[in-house]
file run_7.txt (compact mmCIF, C-alpha atoms)
# COMPACT_ATOMS: atom_id res chain seq x y z
CA MET A 2 82.63 145.47 137.61
CA PRO A 3 81.22 143.91 140.80
CA ALA A 4 83.25 141.05 142.24
CA THR A 5 80.38 138.56 141.92
CA MET A 6 80.11 139.35 138.23
CA VAL A 7 83.81 138.72 137.69
CA LYS A 8 83.48 135.39 139.46
CA GLN A 9 80.50 134.51 137.30
CA ILE A 10 82.42 135.33 134.14
CA GLU A 11 85.33 133.17 135.26
CA ALA A 12 82.93 130.30 135.79
CA TRP A 13 81.56 130.71 132.29
CA GLU A 14 85.03 130.77 130.85
CA THR A 15 85.87 127.35 132.23
CA SER A 16 82.62 125.60 131.27
CA ASP A 17 81.31 124.61 127.85
CA VAL A 18 79.61 127.77 126.72
CA LEU A 19 78.52 128.71 123.25
CA ASP A 20 78.43 132.08 121.60
CA PRO A 21 75.69 133.00 119.10
CA GLN A 22 77.93 131.97 116.20
CA ASP A 23 78.12 128.47 117.63
CA ARG A 24 74.38 128.39 118.11
CA ILE A 25 73.94 129.12 114.40
CA ARG A 26 76.50 126.48 113.46
CA PHE A 27 74.74 124.00 115.73
CA GLU A 28 71.39 124.71 114.08
CA GLN A 29 72.91 124.26 110.64
CA LEU A 30 75.09 121.23 111.27
CA VAL A 31 73.38 119.20 113.97
CA LEU A 32 69.65 119.95 113.93
CA PRO A 33 69.16 118.65 110.34
CA HIS A 34 69.88 115.20 111.80
CA LEU A 35 67.00 115.22 114.28
CA ASP A 36 65.14 112.63 112.19
CA SER A 37 68.09 110.28 112.47
CA ALA A 38 68.26 110.90 116.21
CA ALA A 39 64.53 110.28 116.64
CA ASN A 40 64.68 107.11 114.54
CA LEU A 41 67.61 105.57 116.42
CA ALA A 42 66.18 106.41 119.85
CA ARG A 43 62.72 105.14 118.95
CA TRP A 44 64.14 101.76 117.92
CA MET A 45 66.49 101.57 120.90
CA LEU A 46 63.79 102.30 123.48
CA ARG A 47 60.85 100.81 121.57
CA ASN A 48 58.43 103.54 122.44
CA ARG A 49 57.91 107.08 121.33
CA ALA A 50 57.29 108.92 124.59
CA ASP A 51 60.53 107.70 126.19
CA SER A 52 62.56 108.16 123.04
CA ASP A 53 61.37 111.76 122.59
CA ASP A 54 62.58 112.56 126.11
CA VAL A 55 65.92 110.94 125.41
CA VAL A 56 66.35 112.77 122.09
CA GLN A 57 65.62 116.04 123.81
CA GLU A 58 68.15 115.32 126.52
CA ALA A 59 70.75 114.11 124.01
CA THR A 60 70.32 117.22 121.85
CA LEU A 61 70.88 119.45 124.84
CA ARG A 62 73.99 117.47 125.74
CA ALA A 63 75.20 117.76 122.16
CA TYR A 64 74.63 121.50 122.38
CA ARG A 65 76.67 121.73 125.56
CA PHE A 66 79.49 119.63 124.12
CA PHE A 67 79.35 121.35 120.74
CA GLY A 68 82.59 123.21 121.49
CA ARG A 69 84.28 119.81 121.36
CA PHE A 70 82.93 118.97 117.91
CA HIS A 71 85.77 119.69 115.52
CA GLY A 72 84.05 119.14 112.21
CA GLY A 73 83.56 115.83 110.42
CA ASP A 74 80.41 113.78 110.32
CA ALA A 75 77.81 115.71 112.37
CA ARG A 76 75.21 112.95 112.01
CA ALA A 77 77.55 110.30 113.42
CA TRP A 78 78.57 112.67 116.21
CA LEU A 79 74.95 113.36 117.23
CA LEU A 80 73.96 109.69 116.92
CA GLN A 81 76.85 108.70 119.15
CA ILE A 82 75.50 110.98 121.88
CA VAL A 83 71.93 109.78 121.31
CA ARG A 84 73.05 106.17 121.51
CA ASN A 85 74.96 106.74 124.76
CA THR A 86 72.01 108.60 126.26
CA CYS A 87 69.76 105.67 125.29
CA TYR A 88 72.03 103.18 127.04
CA THR A 89 72.21 105.36 130.16
CA TRP A 90 68.43 105.61 130.15
CA LEU A 91 68.02 101.84 129.72
CA GLN A 92 70.49 101.15 132.49
CA LYS A 93 68.46 103.32 134.83
CA ASN A 94 64.95 102.35 133.77
CA ARG A 95 65.10 98.89 132.22
CA PRO A 96 68.35 97.26 133.32
CA SER A 97 67.05 93.79 132.49
CA GLU A 98 67.12 94.61 128.78
CA LEU A 99 70.85 95.23 128.94
CA MET A 100 71.61 92.01 130.83
CA THR A 101 70.98 90.15 127.62
CA GLU A 102 73.00 92.52 125.52
CA PHE A 103 75.55 89.95 124.45
CA ASP A 104 73.19 87.04 124.60
CA GLU A 105 72.73 85.81 121.08
CA GLU A 106 69.63 83.77 121.72
CA VAL A 107 66.39 85.05 120.35
CA HIS A 108 64.66 86.57 123.32
CA GLN A 109 61.22 85.39 124.07
CA ARG A 110 59.94 88.78 125.05
CA PRO A 111 56.19 89.06 124.70
CA ALA A 112 56.45 90.85 121.38
CA ALA A 113 58.71 88.15 119.97
CA ASN A 114 56.43 85.28 120.84
CA PRO A 115 55.85 83.45 117.54
CA GLU A 116 52.13 83.17 118.21
CA THR A 117 51.85 86.88 118.81
CA LEU A 118 53.80 87.44 115.64
CA ALA A 119 51.66 85.01 113.71
CA THR A 120 48.47 86.80 114.58
CA GLN A 121 49.90 90.03 113.28
CA ALA A 122 49.08 89.60 109.66
CA ASP A 123 50.46 92.98 108.78
CA ASP A 124 54.00 92.68 107.42
CA ARG A 125 55.06 95.96 108.93
CA GLN A 126 53.87 94.87 112.38
CA ARG A 127 55.62 91.56 111.93
CA LEU A 128 58.91 93.22 111.03
CA MET A 129 58.59 95.73 113.86
CA SER A 130 58.00 93.03 116.44
CA ALA A 131 60.85 90.93 115.12
CA LEU A 132 63.25 93.88 115.16
CA GLU A 133 62.16 94.87 118.65
CA SER A 134 62.73 91.36 119.94
CA LEU A 135 66.45 91.50 119.15
CA SER A 136 69.01 92.57 121.74
CA PRO A 137 69.85 96.29 121.72
CA ARG A 138 73.29 95.50 120.30
CA PHE A 139 71.80 93.80 117.25
CA ARG A 140 68.95 96.26 116.91
CA GLU A 141 71.24 99.27 116.75
CA VAL A 142 73.44 97.94 113.95
CA LEU A 143 70.40 96.91 111.90
CA VAL A 144 68.69 100.26 112.35
CA LEU A 145 71.87 102.15 111.52
CA ARG A 146 72.62 100.07 108.45
CA GLU A 147 69.21 99.22 107.00
CA LEU A 148 67.14 102.27 107.95
CA GLU A 149 69.77 104.96 108.36
CA GLY A 150 72.09 103.79 105.57
CA CYS A 151 75.26 104.26 107.64
CA SER A 152 78.58 102.95 106.38
CA TYR A 153 80.51 100.44 108.50
CA LYS A 154 82.88 103.22 109.51
CA GLU A 155 79.99 105.36 110.73
CA ILE A 156 78.44 102.42 112.58
CA GLY A 157 81.79 101.86 114.29
CA GLU A 158 82.01 105.51 115.27
CA ILE A 159 78.47 105.64 116.65
CA THR A 160 78.40 102.35 118.53
CA GLY A 161 82.04 102.03 119.54
CA ILE A 162 82.13 98.58 117.90
CA PRO A 163 85.64 98.12 116.43
CA ILE A 164 85.43 98.64 112.68
CA GLY A 165 86.70 95.10 112.05
CA THR A 166 83.79 93.66 114.02
CA VAL A 167 80.96 95.69 112.46
CA MET A 168 80.56 93.25 109.55
CA SER A 169 80.32 90.14 111.75
CA THR A 170 77.96 91.86 114.22
CA LEU A 171 75.73 92.87 111.33
CA SER A 172 75.93 89.36 109.93
CA ARG A 173 74.76 87.84 113.22
CA ALA A 174 72.06 90.48 113.63
CA ARG A 175 70.64 89.82 110.16
CA GLU A 176 70.70 86.10 110.71
CA ARG A 177 68.87 86.52 114.04
CA LEU A 178 66.24 88.74 112.46
CA ARG A 179 65.76 86.26 109.62
CA GLN A 180 65.32 83.41 112.11
CA THR A 181 62.81 85.40 114.12
CA LEU A 182 60.83 86.15 110.99
CA THR A 183 60.88 82.62 109.59
CA GLY A 184 60.06 81.26 113.05
CA ALA A 185 56.98 83.42 112.94
CA ALA A 186 56.20 82.35 109.40
CA GLY A 187 56.51 78.71 110.47
CA ALA A 188 54.02 79.30 113.27
CA THR A 189 51.63 80.91 110.79
CA ALA A 190 51.88 77.92 108.50
CA LYS A 191 51.24 75.55 111.39
CA GLU A 192 48.22 77.48 112.51
CA ALA A 193 46.81 77.51 108.99
CA SER A 194 47.09 73.72 108.52
CA MET B 26 76.01 76.99 107.01
CA ASN B 27 79.10 75.46 105.45
CA CYS B 28 80.58 78.24 103.40
CA GLU B 29 82.72 80.53 105.51
CA LEU B 30 82.24 83.48 103.17
CA ALA B 31 78.46 83.20 103.52
CA GLU B 32 78.81 84.20 107.15
CA THR B 33 80.60 87.52 107.02
CA THR B 34 82.23 88.56 103.74
CA ILE B 35 78.93 88.32 101.93
CA HIS B 36 77.54 91.13 104.10
CA GLY B 37 80.45 93.41 103.27
CA TYR B 38 79.83 92.60 99.63
CA PHE B 39 76.11 93.32 99.84
CA ASP B 40 76.72 96.59 101.69
CA GLY B 41 79.36 97.72 99.22
CA GLU B 42 82.03 97.75 101.90
CA LEU B 43 84.59 95.47 100.24
CA ASP B 44 87.46 96.95 98.31
CA ALA B 45 87.57 96.29 94.57
CA VAL B 46 89.93 93.31 94.87
CA ARG B 47 87.98 91.49 97.58
CA SER B 48 84.73 92.32 95.85
CA ALA B 49 85.93 90.79 92.57
CA GLU B 50 87.26 87.76 94.43
CA PHE B 51 83.91 87.27 96.10
CA GLU B 52 82.05 87.61 92.81
CA ARG B 53 84.17 84.82 91.33
CA HIS B 54 83.36 82.67 94.35
CA LEU B 55 79.67 83.59 94.14
CA GLU B 56 79.40 82.19 90.63
CA ARG B 57 80.03 78.67 91.82
CA CYS B 58 78.72 78.72 95.41
CA ALA B 59 75.03 77.91 95.56
CA GLU B 60 74.94 78.57 99.30
CA CYS B 61 76.26 82.11 98.91
CA GLN B 62 73.82 82.76 96.09
CA SER B 63 70.89 81.81 98.26
CA VAL B 64 72.20 83.69 101.31
CA LEU B 65 72.75 86.80 99.19
CA GLU B 66 69.20 86.55 97.95
CA GLY B 67 68.00 86.27 101.56
CA ILE B 68 69.95 89.36 102.64
CA GLY B 69 68.57 91.24 99.65
CA SER B 70 64.97 90.31 100.35
CA LEU B 71 65.32 91.20 104.04
CA HIS B 72 66.77 94.54 103.00
CA THR B 73 63.89 95.15 100.59
CA GLN B 74 61.33 94.25 103.25
CA LEU B 75 62.92 96.63 105.74
CA GLN B 76 63.09 99.39 103.14
CA GLN B 77 59.51 98.99 101.99
CA SER B 78 57.84 98.68 105.36
CA ASP B 79 58.01 102.33 106.26
CA LEU B 80 59.80 101.66 109.53
CA TYR B 81 61.71 104.93 109.68
CA GLU B 82 60.51 107.06 112.58
CA HIS B 83 60.79 110.80 112.01
CA ALA B 84 61.10 113.49 114.62
CA SER B 85 57.60 114.80 115.31
CA PRO B 86 56.85 118.54 114.99
CA GLU B 87 56.22 118.56 118.77
CA LEU B 88 59.68 117.18 119.46
CA ARG B 89 61.30 119.72 117.13
CA ASP B 90 59.39 122.44 118.87
CA ARG B 91 60.43 121.24 122.32
CA ILE B 92 64.07 121.14 121.28
CA ARG B 93 64.04 124.60 119.72
CA LYS B 94 62.50 126.06 122.86
CA GLN B 95 65.01 124.31 125.02
CA LEU B 96 67.96 125.57 122.97
CA ALA B 97 66.61 129.09 123.06
CA GLN B 98 66.39 128.77 126.84
CA ALA B 99 69.90 127.34 127.12
CA THR B 100 71.22 130.26 125.10
CA GLY B 101 69.13 132.79 126.99
CA THR B 102 70.49 131.78 130.39
CA GLY B 103 74.00 132.88 129.69
CA ARG B 104 75.27 130.39 127.19
CA VAL B 105 77.34 132.96 125.41
CA SER B 106 81.09 133.32 125.59
CA ALA B 107 82.68 135.28 128.36
CA GLY B 108 84.22 137.75 125.94
CA GLN B 109 80.83 138.55 124.50
CA TRP B 110 79.42 139.04 127.95
CA ARG B 111 82.14 141.44 128.93
CA ARG B 112 81.52 143.53 125.82
CA TRP B 113 77.80 143.56 126.34
CA PHE B 114 78.23 144.41 129.97
CA LEU B 115 80.37 147.41 129.15
CA MET B 116 78.30 148.62 126.20
CA PRO B 117 74.64 147.99 126.89
CA ALA B 118 73.38 149.85 123.82
CA PHE B 119 75.75 148.04 121.50
CA GLY B 120 74.86 144.82 123.26
CA ALA B 121 71.17 145.27 122.59
CA LEU B 122 71.88 145.99 118.94
CA ALA B 123 74.18 143.01 118.62
CA ALA B 124 71.61 140.78 120.27
CA SER B 125 68.85 141.77 117.86
CA ALA B 126 71.26 141.41 114.94
CA ALA B 127 72.08 137.91 116.14
CA VAL B 128 68.39 137.04 116.38
CA ILE B 129 67.79 138.29 112.83
CA ALA B 130 70.83 136.37 111.58
CA ILE B 131 69.51 133.20 113.19
CA MET B 132 66.08 133.74 111.63
CA LEU B 133 67.57 134.37 108.19
CA LEU B 134 69.71 131.29 108.41
CA VAL B 135 67.14 129.01 109.93
CA VAL B 136 64.12 129.83 107.80
CA PRO B 137 65.60 129.00 104.37
CA SER B 138 67.08 125.81 105.78
CA HIS B 139 63.61 124.24 105.52
CA ARG B 140 63.86 124.58 101.80
CA PRO B 141 66.49 121.90 101.05
CA SER B 142 64.72 119.41 103.28
CA THR B 143 61.44 119.75 101.39
CA LEU B 144 63.31 119.58 98.09
CA THR B 145 65.15 116.40 99.04
CA ALA B 146 61.85 114.98 100.30
CA GLU B 147 60.37 115.67 96.86
CA LEU B 148 63.32 114.11 95.11
CA ILE B 149 63.05 111.01 97.30
CA ASP B 150 59.35 110.82 96.47
CA ALA B 151 60.27 111.08 92.80
CA HIS B 152 62.78 108.25 93.28
CA VAL B 153 60.19 106.06 95.01
CA ARG B 154 57.63 106.85 92.28
CA SER B 155 60.14 105.89 89.62
CA LEU B 156 60.44 102.41 91.11
CA GLN B 157 56.76 101.65 90.48
CA PRO B 158 56.39 99.21 87.59
CA GLY B 159 56.86 100.93 84.25
CA HIS B 160 57.92 104.29 85.66
CA LEU B 161 61.67 103.98 85.82
CA MET B 162 62.61 104.84 82.27
CA ASP B 163 61.21 106.70 79.28
CA VAL B 164 64.23 105.82 77.20
CA GLU B 165 65.85 102.51 77.98
CA SER B 166 69.39 102.28 76.78
CA THR B 167 72.87 101.66 78.02
CA ASP B 168 74.20 103.88 75.25
CA GLN B 169 74.87 107.47 76.27
CA HIS B 170 74.57 108.46 72.59
CA THR B 171 70.97 107.26 72.62
CA VAL B 172 70.01 108.72 75.99
CA LYS B 173 71.49 112.18 75.53
CA PRO B 174 69.76 113.04 72.21
CA TRP B 175 66.51 111.72 73.64
CA PHE B 176 66.40 114.69 76.03
CA ASP B 177 66.93 117.06 73.11
CA GLY B 178 63.90 119.30 72.68
CA LYS B 179 62.18 117.93 75.79
CA LEU B 180 64.04 120.19 78.20
CA ASP B 181 65.42 123.70 78.03
CA PHE B 182 68.83 122.37 79.05
CA ILE B 183 70.97 119.37 78.13
CA PRO B 184 72.02 117.18 81.04
CA PRO B 185 75.49 115.65 80.94
CA VAL B 186 75.11 111.95 80.15
CA ALA B 187 77.86 109.35 80.45
CA ASP B 188 78.01 105.63 81.07
CA TYR B 189 80.09 104.44 84.03
CA ALA B 190 79.70 100.69 83.41
CA ALA B 191 83.45 100.18 83.62
CA GLN B 192 83.44 101.78 87.07
CA GLY B 193 80.54 99.63 88.27
CA PHE B 194 77.67 102.03 87.56
CA PRO B 195 76.09 101.04 84.23
CA LEU B 196 73.70 103.55 82.69
CA VAL B 197 70.29 101.97 82.18
CA GLY B 198 68.21 104.84 80.87
CA GLY B 199 66.63 108.19 81.47
CA ARG B 200 63.30 109.93 81.84
CA LEU B 201 61.69 113.29 82.42
CA ASP B 202 60.47 114.07 85.88
CA VAL B 203 58.79 117.03 87.50
CA VAL B 204 60.08 118.29 90.82
CA ASP B 205 58.69 121.37 92.49
CA GLY B 206 56.84 122.32 89.32
CA HIS B 207 59.96 122.24 87.14
CA ASN B 208 61.10 119.72 84.57
CA VAL B 209 64.18 117.85 85.59
CA ALA B 210 66.22 115.20 83.81
CA ALA B 211 66.51 111.89 85.61
CA LEU B 212 69.30 109.53 84.58
CA VAL B 213 69.09 106.02 85.90
CA TYR B 214 72.17 104.01 86.83
CA SER B 215 72.32 100.62 88.43
CA ARG B 216 74.61 99.52 91.21
CA ARG B 217 74.49 95.77 91.83
CA LYS B 218 70.76 95.28 92.46
CA HIS B 219 70.04 98.93 93.31
CA TYR B 220 68.88 101.74 91.09
CA ILE B 221 70.29 105.22 91.43
CA ASN B 222 68.36 108.20 90.12
CA VAL B 223 70.54 111.12 89.11
CA PHE B 224 68.36 114.23 89.01
CA VAL B 225 69.79 117.16 87.06
CA TRP B 226 68.34 120.62 86.64
CA PRO B 227 69.64 124.12 85.95
CA TYR B 228 70.82 125.80 89.10
CA ARG B 229 68.27 128.34 90.30
CA GLU B 230 69.59 130.62 92.95
CA LYS B 231 66.43 130.87 94.98
CA GLU B 232 66.36 127.17 95.64
CA SER B 233 70.01 126.31 95.53
CA VAL B 234 70.89 123.50 97.87
CA SER B 235 74.37 123.57 99.28
CA ASP B 236 76.52 120.47 98.81
CA SER B 237 75.17 117.97 101.26
CA SER B 238 74.10 114.40 101.77
CA GLY B 239 71.89 112.46 104.10
CA SER B 240 69.31 109.78 104.61
CA ARG B 241 65.59 109.88 104.83
CA GLN B 242 63.10 107.05 105.10
CA GLY B 243 65.96 104.69 104.41
CA TYR B 244 66.93 106.36 101.14
CA ASN B 245 70.24 108.11 100.75
CA TRP B 246 70.83 111.29 98.83
CA VAL B 247 73.83 113.34 97.81
CA THR B 248 73.38 116.74 96.24
CA TRP B 249 75.82 119.27 94.86
CA GLN B 250 76.12 122.09 92.42
CA SER B 251 78.50 122.03 89.50
CA GLY B 252 78.77 124.73 86.85
CA ASP B 253 75.24 125.93 86.26
CA MET B 254 73.63 122.59 87.13
CA GLN B 255 72.35 121.16 90.38
CA PHE B 256 72.74 117.40 90.83
CA CYS B 257 71.02 115.10 93.27
CA LEU B 258 71.59 111.35 93.57
CA VAL B 259 68.91 109.32 95.31
CA SER B 260 69.00 105.60 95.98
CA ASP B 261 68.70 102.86 98.55
CA ALA B 262 72.32 102.04 97.70
CA GLY B 263 74.86 103.08 100.35
CA LEU B 264 76.10 106.64 100.73
CA SER B 265 79.61 105.45 99.92
CA ASP B 266 78.32 104.20 96.55
CA LEU B 267 76.60 107.50 95.88
CA ARG B 268 79.74 109.47 96.72
CA GLU B 269 81.71 107.23 94.38
CA LEU B 270 79.30 107.91 91.54
CA LYS B 271 79.39 111.62 92.32
CA ASN B 272 83.16 111.57 91.85
CA PHE B 273 82.82 109.91 88.44
CA ILE B 274 80.20 112.42 87.31
CA HIS B 275 82.49 115.22 88.43
CA GLN B 276 85.49 114.05 86.46
call {"tool": "encode", "arguments": {"input": "run_7.txt", "output": "structure tokens"}}
result
Amino acid sequence: MPATMVKQIEAWETSDVLDPQDRIRFEQLVLPHLDSAANLARWMLRNRADSDDVVQEATLRAYRFFGRFHGGDARAWLLQIVRNTCYTWLQKNRPSELMTEFDEEVHQRPAANPETLATQADDRQRLMSALESLSPRFREVLVLRELEGCSYKEIGEITGIPIGTVMSTLSRARERLRQTLTGAAGATAKEAS
Amino acid sequence: MNCELAETTIHGYFDGELDAVRSAEFERHLERCAECQSVLEGIGSLHTQLQQSDLYEHASPELRDRIRKQLAQATGTGRVSAGQWRRWFLMPAFGALAASAAVIAIMLLVVPSHRPSTLTAELIDAHVRSLQPGHLMDVESTDQHTVKPWFDGKLDFIPPVADYAAQGFPLVGGRLDVVDGHNVAALVYSRRKHYINVFVWPYREKESVSDSSGSRQGYNWVTWQSGDMQFCLVSDAGLSDLRELKNFIHQ
């Protein structure tokens, strides 16, 4: 065996490499959750082109780290990686969105402007805009709970929020969403009168 | 907001995350707290709006395609274990054989895996259809001795029917449904304000779905095989609720 080949093999031995068995396991355990990954990333980044890139990157990372997945909830494991990749991406590309992460005020981003909301008669549009106006911290727990149907334990695992705090975070997020929606409804009523 | 429970505990209650004792305690409180009643209604209506607005974003076929290609590439550029490499290096002919066997194995395993996902999609559609006015039940009864005989003669199998009201899942009725061209029995249970459809059909090997669970479009499902029957629970109730009901059905 040539010396360079031996060196190469040693390098492979120390990095995260997968054999074909692992590839099959990955396809069976992790890939069925691509919808969940796409959904979370789409809501975190608020647009499809960016979120598709992030999901692709996150899936590749998951594949590389798959040797470290020791069973359990594959969806939560993948979503945790997707969520972290989203935050890294936001930090790099839209740091201002993360500055307000713990700010509990309703953000007056363009989409959340009550007048903009009021002109969007469509309920789906109205909900989308309201959800997108929340801080990423609130948005992620709402998406995980209401759209993805995650348990509090899973939400804790994915977001790193201590399990005892998931309920109160969700409570504040729902209240904020309700306020955003009724604020918009109030503006509609005013406009109509 | 004046009531402390209306701020946090109520969410745990709505999401089915309280243990039985705290849940019962909260229910006693709920009976006499007008604020909590109205907050609970608000949470419920927000939940319904979010569920019904088709907000779930699925992975596009293009994205799936991109990811599959990328994984194939990652595997192709040496992402196999060192031991494997050494073997292949020493035995090229065996290596080639093993590689094609691996490719065939992947194809065999990957291709049928589309099957369960279309089946669960159909079952979720059936669940959504059942929630349209007047579609939920053909036989409306909380009595298992009324529901079970009703299926008699309508299906070529008899689904197991039991009421789990004492455990928090009252039986509300049943109906016939058609999934993938076959008749299936659908039993309807309620969980707080949610309905749970329990689809039951005789296990057919060609479309058997391994024990699994998941979410799709905001609906949760849990499926498993028991004896010669396949079961699938579908609901907007939480997965933990569905797993609980599964355990009762199993007993």
call {"tool": "interface_residues", "arguments": {"input": "run_7.txt", "of": "chain A", "to": "chain B", "cutoff": "8 Å", "atoms": "all atoms listed in the file", "output": "number ranges by chain"}}
result
A: 10-11, 13-14, 18-21, 24-25, 28-29, 35-40, 43, 53, 57, 60-61, 64, 124-125, 128-129, 147-153, 168-169, 171-172, 175, 179
call {"tool": "residues_around", "arguments": {"input": "run_7.txt", "residues": "Thr181 (chain A)", "least_positions_apart": "3", "cutoff": "6 Å", "atoms": "only C-alpha atoms", "output": "list in words"}}
result
Ala131, Leu178 and Gly184 of chain A
call {"tool": "atom_distance", "arguments": {"input": "run_7.txt", "atom1": "CA of Val56 (chain A)", "atom2": "CA of Pro163 (chain A)"}}
result
24.9 Å
call {"tool": "atom_distance", "arguments": {"input": "run_7.txt", "atom1": "CA of Thr171 (chain B)", "atom2": "CA of Asp202 (chain B)"}}
result
18.2 Å
call {"tool": "atom_distance", "arguments": {"input": "run_7.txt", "atom1": "CA of Asp74 (chain A)", "atom2": "CA of Arg49 (chain A)"}}
result
25.9 Å
call {"tool": "build_atoms", "arguments": {"input": "run_7.txt", "residues": "region 136-157 of chain A", "atoms": "N, CA and C atoms", "output": "PDB file, in the coordinates of the input"}}
result
ATOM      1  N   SER A 136      68.296  91.856 120.675  1.00  0.00           N
ATOM      2  CA  SER A 136      69.010  92.570 121.740  1.00  0.00           C
ATOM      3  C   SER A 136      69.386  93.963 121.222  1.00  0.00           C
ATOM      4  N   PRO A 137      69.542  94.929 122.140  1.00  0.00           N
ATOM      5  CA  PRO A 137      69.850  96.290 121.720  1.00  0.00           C
ATOM      6  C   PRO A 137      71.086  96.360 120.805  1.00  0.00           C
ATOM      7  N   ARG A 138      72.056  95.517 121.080  1.00  0.00           N
ATOM      8  CA  ARG A 138      73.290  95.500 120.300  1.00  0.00           C
ATOM      9  C   ARG A 138      73.026  95.168 118.836  1.00  0.00           C
ATOM     10  N   PHE A 139      72.144  94.191 118.610  1.00  0.00           N
ATOM     11  CA  PHE A 139      71.800  93.800 117.250  1.00  0.00           C
ATOM     12  C   PHE A 139      70.878  94.842 116.610  1.00  0.00           C
ATOM     13  N   ARG A 140      69.934  95.314 117.435  1.00  0.00           N
ATOM     14  CA  ARG A 140      68.950  96.260 116.910  1.00  0.00           C
ATOM     15  C   ARG A 140      69.644  97.517 116.392  1.00  0.00           C
ATOM     16  N   GLU A 141      70.624  98.009 117.160  1.00  0.00           N
ATOM     17  CA  GLU A 141      71.240  99.270 116.750  1.00  0.00           C
ATOM     18  C   GLU A 141      71.989  99.136 115.435  1.00  0.00           C
ATOM     19  N   VAL A 142      72.714  98.030 115.226  1.00  0.00           N
ATOM     20  CA  VAL A 142      73.440  97.940 113.950  1.00  0.00           C
ATOM     21  C   VAL A 142      72.477  97.779 112.773  1.00  0.00           C
ATOM     22  N   LEU A 143      71.371  97.072 112.992  1.00  0.00           N
ATOM     23  CA  LEU A 143      70.400  96.910 111.900  1.00  0.00           C
ATOM     24  C   LEU A 143      69.728  98.233 111.558  1.00  0.00           C
ATOM     25  N   VAL A 144      69.349  98.975 112.592  1.00  0.00           N
ATOM     26  CA  VAL A 144      68.690 100.260 112.350  1.00  0.00           C
ATOM     27  C   VAL A 144      69.653 101.216 111.646  1.00  0.00           C
ATOM     28  N   LEU A 145      70.899 101.234 112.118  1.00  0.00           N
ATOM     29  CA  LEU A 145      71.870 102.150 111.520  1.00  0.00           C
ATOM     30  C   LEU A 145      72.172 101.783 110.077  1.00  0.00           C
ATOM     31  N   ARG A 146      72.281 100.483 109.807  1.00  0.00           N
ATOM     32  CA  ARG A 146      72.620 100.070 108.450  1.00  0.00           C
ATOM     33  C   ARG A 146      71.399 100.095 107.518  1.00  0.00           C
ATOM     34  N   GLU A 147      70.327  99.437 107.931  1.00  0.00           N
ATOM     35  CA  GLU A 147      69.210  99.220 107.000  1.00  0.00           C
ATOM     36  C   GLU A 147      68.283 100.437 106.909  1.00  0.00           C
ATOM     37  N   LEU A 148      68.065 101.137 108.006  1.00  0.00           N
ATOM     38  CA  LEU A 148      67.140 102.270 107.950  1.00  0.00           C
ATOM     39  C   LEU A 148      67.887 103.589 107.754  1.00  0.00           C
ATOM     40  N   GLU A 149      69.045 103.694 108.396  1.00  0.00           N
ATOM     41  CA  GLU A 149      69.770 104.960 108.360  1.00  0.00           C
ATOM     42  C   GLU A 149      70.792 104.995 107.238  1.00  0.00           C
ATOM     43  N   GLY A 150      71.140 103.831 106.686  1.00  0.00           N
ATOM     44  CA  GLY A 150      72.090 103.790 105.570  1.00  0.00           C
ATOM     45  C   GLY A 150      73.514 104.170 105.955  1.00  0.00           C
ATOM     46  N   CYS A 151      73.901 103.915 107.198  1.00  0.00           N
ATOM     47  CA  CYS A 151      75.260 104.260 107.640  1.00  0.00           C
ATOM     48  C   CYS A 151      76.285 103.297 107.046  1.00  0.00           C
ATOM     49  N   SER A 152      77.479 103.816 106.811  1.00  0.00           N
ATOM     50  CA  SER A 152      78.580 102.950 106.380  1.00  0.00           C
ATOM     51  C   SER A 152      79.116 102.219 107.613  1.00  0.00           C
ATOM     52  N   TYR A 153      79.939 101.189 107.380  1.00  0.00           N
ATOM     53  CA  TYR A 153      80.510 100.440 108.500  1.00  0.00           C
ATOM     54  C   TYR A 153      81.335 101.368 109.398  1.00  0.00           C
ATOM     55  N   LYS A 154      82.039 102.286 108.756  1.00  0.00           N
ATOM     56  CA  LYS A 154      82.880 103.220 109.510  1.00  0.00           C
ATOM     57  C   LYS A 154      82.014 104.068 110.441  1.00  0.00           C
ATOM     58  N   GLU A 155      80.891 104.548 109.910  1.00  0.00           N
ATOM     59  CA  GLU A 155      79.990 105.360 110.730  1.00  0.00           C
ATOM     60  C   GLU A 155      79.393 104.522 111.864  1.00  0.00           C
ATOM     61  N   ILE A 156      79.007 103.284 111.543  1.00  0.00           N
ATOM     62  CA  ILE A 156      78.440 102.420 112.580  1.00  0.00           C
ATOM     63  C   ILE A 156      79.459 102.215 113.697  1.00  0.00           C
ATOM     64  N   GLY A 157      80.722 102.015 113.320  1.00  0.00           N
ATOM     65  CA  GLY A 157      81.790 101.860 114.290  1.00  0.00           C
ATOM     66  C   GLY A 157      81.910 103.101 115.176  1.00  0.00           C
TER      67      GLY A 157
END
